[in-house]
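Structure first, commentary second.
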Amino acid sequence: MIPGDPVLRTILDALPMMFFLKDTENRILLTNQAVADTLGVRPEEMEGTHTSRWYPDEAERYHADDLEVMRSRRPKFGIVEPLRVSGPEKHWIRTDKHPCFGPNGEVTGILVFIRDATQEALAEAERRQYEERTRHAQRLESLGILAGGVAHDFNNLLTGIFGYCDLVQNALPPGSSAHSDLMEIREAARRAAGICNQMLAYSGRGRFTPRPLDLSEVARSVAQLLKSSISPRAAVRLELESSLPAVEAEPAQIQQVVMNLLLNASEAIDRPHGTIAVRTGEIDCDRETLASTWVDDGLPAGRYVSIEVEDDGAGMPPDVLERIFDPFFTTKFAGRGLGLATVLGIVRGHRGAIRIRSAVGRGTTFQVFFPASALPVAPEAVAAPLPEAVRGRGLVLVVDDEPVVRKFARECLERSGFEVVTAADGASALQLVRELGASVVAALLDLTMPGQDGHELLAEIRRLRPVLPAVLSSGYDERDAVGEPGGRELFFIRKPYEPEALVRRIDGAIRSAAAGALD
């Protein structure tokens, strides 16, 4: 059969794939209707022409691959490569190539079979993107666990530092020169506690008590507060929507999100005059939109309130953009690298999402989404008057695996009139409850102890003393202290705590139990 043979033509045109027969110079000797349909021409128009006429962008690359097959005299299968046809869309093809041999064994050309692999390639690209998002989410989760664990351990140590500062200060005579030294220690500890709180926020275990907020009002107040801190090169433009739905959030943490984004935008302005735009709005997000945000946590589609901070500064290259939420990663000469890591933790802790657009020389836009609430905006809380000093009576059991915390809690409670026994673990604590019986009036239990945690220990104590007043303590968040069965009120105190706060919390638990017994 020769190329003009009608039987051969019928067979080739019936193939469900594209077919080429090319010579060693990259000329098309024979093709079929599937190829012609792709380009909108008849097969006869292509035969005898050079490949570059029909695929000018890819002809050279195709021919280089053809030459490799012809030189090796071995076929190649399953080559996936792009193919550009009319229009802006890129198509993908899967190609098999076989060398053709003459009567004396010489290579005379190449047979090429091509199948459309566009959907296959798109599915593979989507799979790789999903795997990359999953790896990134797992990395952030691992870093979050590490950051939360470090912060928790530091909060245990800070409990002792804060507490002993207060105890020593109260024991000093008025006017002692040591007062100022103790204040310096407290200030350093306060800053350390602030860093711990940022690490806990990144890990999603930060402390917050949400209430309905107006995101526009939060943005306006933070912008006003930061007036003197924003770079003089940057002009801040507020485009804030009125009558937005409320978002249920912790005010201080949302303020920190806006503050960090504004300061980050200010530092990105690298020219004499730049602009930072702050916008708020309401948006209906579908799953596709939410899946494209930074770390998709499977958020539900629905109504969200957004705040957007856009700068026209330097922008970020892809390698920096990939790491901006990693704790301790910073491009600044002096910085802790916790600002944006904290933002991500706070947003995830509020079941929100972040979308970022950035390019070098074109600025950066951070858009943060929070679920809209049907509740009205809550008024500002009024501070309660300070209660009178507490004097305690009775025996309190303190259980904590950290020696400095046990020692500090003992001294605080004893100075307030309580007697104290301590235990370093659950087994020792249960033995004391059995031995001391009704003489124990309350228990302070650490939530995160090796072997048996505070919840498990409390459940065991309840079998021995069903109504014993108990206070749970942790360097994490109050959300970890879930309520007890039967609707019993659960008392919690977060580390680092001060002596007066601990005494009042223990006293409150005792009073609550006594009131319940009278009902």
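Residue numbering restarts at 1 in every chain; chains get A, B, ... in the order shown in the structure tokens, and ligands count up from 1 in that same order.
When the distance limit is 9 Å and only C-alpha atoms are what count, the residues near Val218 in chain A, minus those fewer than 2 positions from it on the same chain, are Leu213, Asp214, Leu215, Ser216, Arg220, Ser221, Val222, Ala223, Pro251, Ile254, Gln255 and Val258 of chain A.
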Nearest to Ala301 in chain A, restricted to only C-alpha atoms and choosing among A:Pro82, A:Pro466, A:Gly352, A:Pro499, comes out as A:Gly352
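For the pair CA of Gln452 in chain A and CA of Cys412 in chain A, the interatomic distance is 25.2 Å.
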- prompt: Can you tell me, as JSON, numbers by chain, what residues are no more than 7 Å from Pro212 in chain A when counting only C-alpha atoms, ignoring any on the same chain fewer than 6 positions away?
  reply: {"A": [246, 247, 248, 249, 375, 376, 377, 378]}
From the list A:His98, A:Arg323, A:Arg463, A:Arg410, the nearest residue to Leu167 in chain A using only C-alpha atoms is A:Arg410
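Going from CA of Ala374 in chain A to CA of Val257 in chain A covers 22.3 Å.
The spacing separating CA of Ser512 in chain A from CA of Val471 in chain A amounts to 11.6 Å.
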So which residues touch Pro469 in chain A within 8 Å, counting only C-alpha atoms, skipping near sequence neighbours fewer than 3 positions away, as a PyMOL selection string? chain A and resi 441-443+509-510+513
From the list A:Leu344, A:Val405, A:Ala501, A:Ala252, the nearest residue to Asn156 in chain A using only C-alpha atoms is A:Val405
Using only C-alpha atoms, which protein or nucleic acid residues come within 7 Å of Met17 in chain A? Drop anything in the same chain fewer than 5 positions from it, and give the result as a CSV table (one decimal) with C-alpha atoms, in the first residue's frame.
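Now in out_6.csv:
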```csv
chain,number,residue,atom,x,y,z
A,34,ALA,CA,-8.3,13.2,13.2
A,113,PHE,CA,0.2,8.1,17.3
A,114,ILE,CA,-1.4,10.8,19.4
A,115,ARG,CA,-4.3,10.7,21.8
```
- Can you pull out every residue within 10 Å of Arg73 in chain A, counting only C-alpha atoms, but drop anything in the same chain fewer than 5 positions away, and send it as a VMD selection string? chain A and resid 67 to 68 98 to 101 106 to 107 110
Just-selected residues, N, CA and C atoms written as a PDB file, in the first residue's frame:
```
ATOM      1  N   LEU A  67      14.079  12.780  16.555  1.00  0.00           N
ATOM      2  CA  LEU A  67      15.452  12.394  16.218  1.00  0.00           C
ATOM      3  C   LEU A  67      16.020  11.437  17.274  1.00  0.00           C
ATOM      4  N   GLU A  68      15.667  11.660  18.547  1.00  0.00           N
ATOM      5  CA  GLU A  68      16.143  10.771  19.600  1.00  0.00           C
ATOM      6  C   GLU A  68      15.615   9.352  19.386  1.00  0.00           C
ATOM      7  N   HIS A  98       7.292   5.421  16.980  1.00  0.00           N
ATOM      8  CA  HIS A  98       7.963   4.202  16.517  1.00  0.00           C
ATOM      9  C   HIS A  98       8.867   4.549  15.330  1.00  0.00           C
ATOM     10  N   PRO A  99      10.121   4.149  15.341  1.00  0.00           N
ATOM     11  CA  PRO A  99      10.971   4.397  14.163  1.00  0.00           C
ATOM     12  C   PRO A  99      10.530   3.517  12.986  1.00  0.00           C
ATOM     13  N   CYS A 100      10.657   4.072  11.761  1.00  0.00           N
ATOM     14  CA  CYS A 100      10.356   3.315  10.537  1.00  0.00           C
ATOM     15  C   CYS A 100      11.677   2.881   9.889  1.00  0.00           C
ATOM     16  N   PHE A 101      11.708   1.657   9.369  1.00  0.00           N
ATOM     17  CA  PHE A 101      12.935   1.119   8.782  1.00  0.00           C
ATOM     18  C   PHE A 101      12.721   0.807   7.297  1.00  0.00           C
ATOM     19  N   GLU A 106      17.776   0.578   7.403  1.00  0.00           N
ATOM     20  CA  GLU A 106      18.052   1.968   7.737  1.00  0.00           C
ATOM     21  C   GLU A 106      16.768   2.651   8.222  1.00  0.00           C
ATOM     22  N   VAL A 107      16.921   3.680   9.099  1.00  0.00           N
ATOM     23  CA  VAL A 107      15.773   4.445   9.608  1.00  0.00           C
ATOM     24  C   VAL A 107      15.357   5.453   8.552  1.00  0.00           C
ATOM     25  N   ILE A 110       9.470   8.176  10.984  1.00  0.00           N
ATOM     26  CA  ILE A 110       8.898   7.872  12.293  1.00  0.00           C
ATOM     27  C   ILE A 110       7.378   7.838  12.197  1.00  0.00           C
TER      28      ILE A 110
END
```
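Compared by their closest atoms to Pro371 in chain A, and using only C-alpha atoms, the residues A:Leu240, A:Ile324, A:Cys285, A:Ala423 rank with A:Cys285 nearest.
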inquiry  = Env of range 52-60 of chain A: 12 Å cut, atoms = only C-alpha atoms, seq-sep filter 4 positions within chain, self excluded. Answer as number ranges by chain.
reply    = A: 25-28, 35-36, 38-41, 43, 45-48, 64-67, 81-86
Filtering to C-alpha atoms, could you give me those residues as a PDB file, in the first residue's frame?
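Below is the file selection_37.pdb, written as the result:
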```pdb
ATOM      1  CA  GLU A  25      13.552  15.929   7.850  1.00  0.00           C
ATOM      2  CA  ASN A  26      10.314  16.435   9.810  1.00  0.00           C
ATOM      3  CA  ARG A  27       8.097  16.477   6.708  1.00  0.00           C
ATOM      4  CA  ILE A  28       4.605  14.982   6.963  1.00  0.00           C
ATOM      5  CA  VAL A  35      -5.257  15.406  12.764  1.00  0.00           C
ATOM      6  CA  ALA A  36      -6.940  17.452  10.073  1.00  0.00           C
ATOM      7  CA  THR A  38      -7.902  19.347  14.983  1.00  0.00           C
ATOM      8  CA  LEU A  39      -6.473  21.985  12.636  1.00  0.00           C
ATOM      9  CA  GLY A  40      -9.545  22.448  10.454  1.00  0.00           C
ATOM     10  CA  VAL A  41      -7.923  21.320   7.137  1.00  0.00           C
ATOM     11  CA  PRO A  43      -5.296  15.564   5.292  1.00  0.00           C
ATOM     12  CA  GLU A  45      -3.251  19.733   2.515  1.00  0.00           C
ATOM     13  CA  MET A  46      -0.876  18.656   5.266  1.00  0.00           C
ATOM     14  CA  GLU A  47       0.883  15.829   3.431  1.00  0.00           C
ATOM     15  CA  GLY A  48       4.162  16.899   1.894  1.00  0.00           C
ATOM     16  CA  ALA A  64      14.296  16.850  18.570  1.00  0.00           C
ATOM     17  CA  ASP A  65      12.305  14.108  20.291  1.00  0.00           C
ATOM     18  CA  ASP A  66      11.715  12.388  16.928  1.00  0.00           C
ATOM     19  CA  LEU A  67      15.452  12.394  16.218  1.00  0.00           C
ATOM     20  CA  GLU A  81       3.284  17.089  26.168  1.00  0.00           C
ATOM     21  CA  PRO A  82       1.412  20.321  25.441  1.00  0.00           C
ATOM     22  CA  LEU A  83      -0.243  21.108  22.128  1.00  0.00           C
ATOM     23  CA  ARG A  84      -1.485  24.588  21.266  1.00  0.00           C
ATOM     24  CA  VAL A  85      -4.318  24.780  18.783  1.00  0.00           C
ATOM     25  CA  SER A  86      -6.493  27.750  17.793  1.00  0.00           C
TER      26      SER A  86
END
```
Counting only C-alpha atoms, the residue among A:Pro496, A:Pro317, A:Pro6, A:Gly508 that lies closest to Arg186 in chain A is A:Pro496
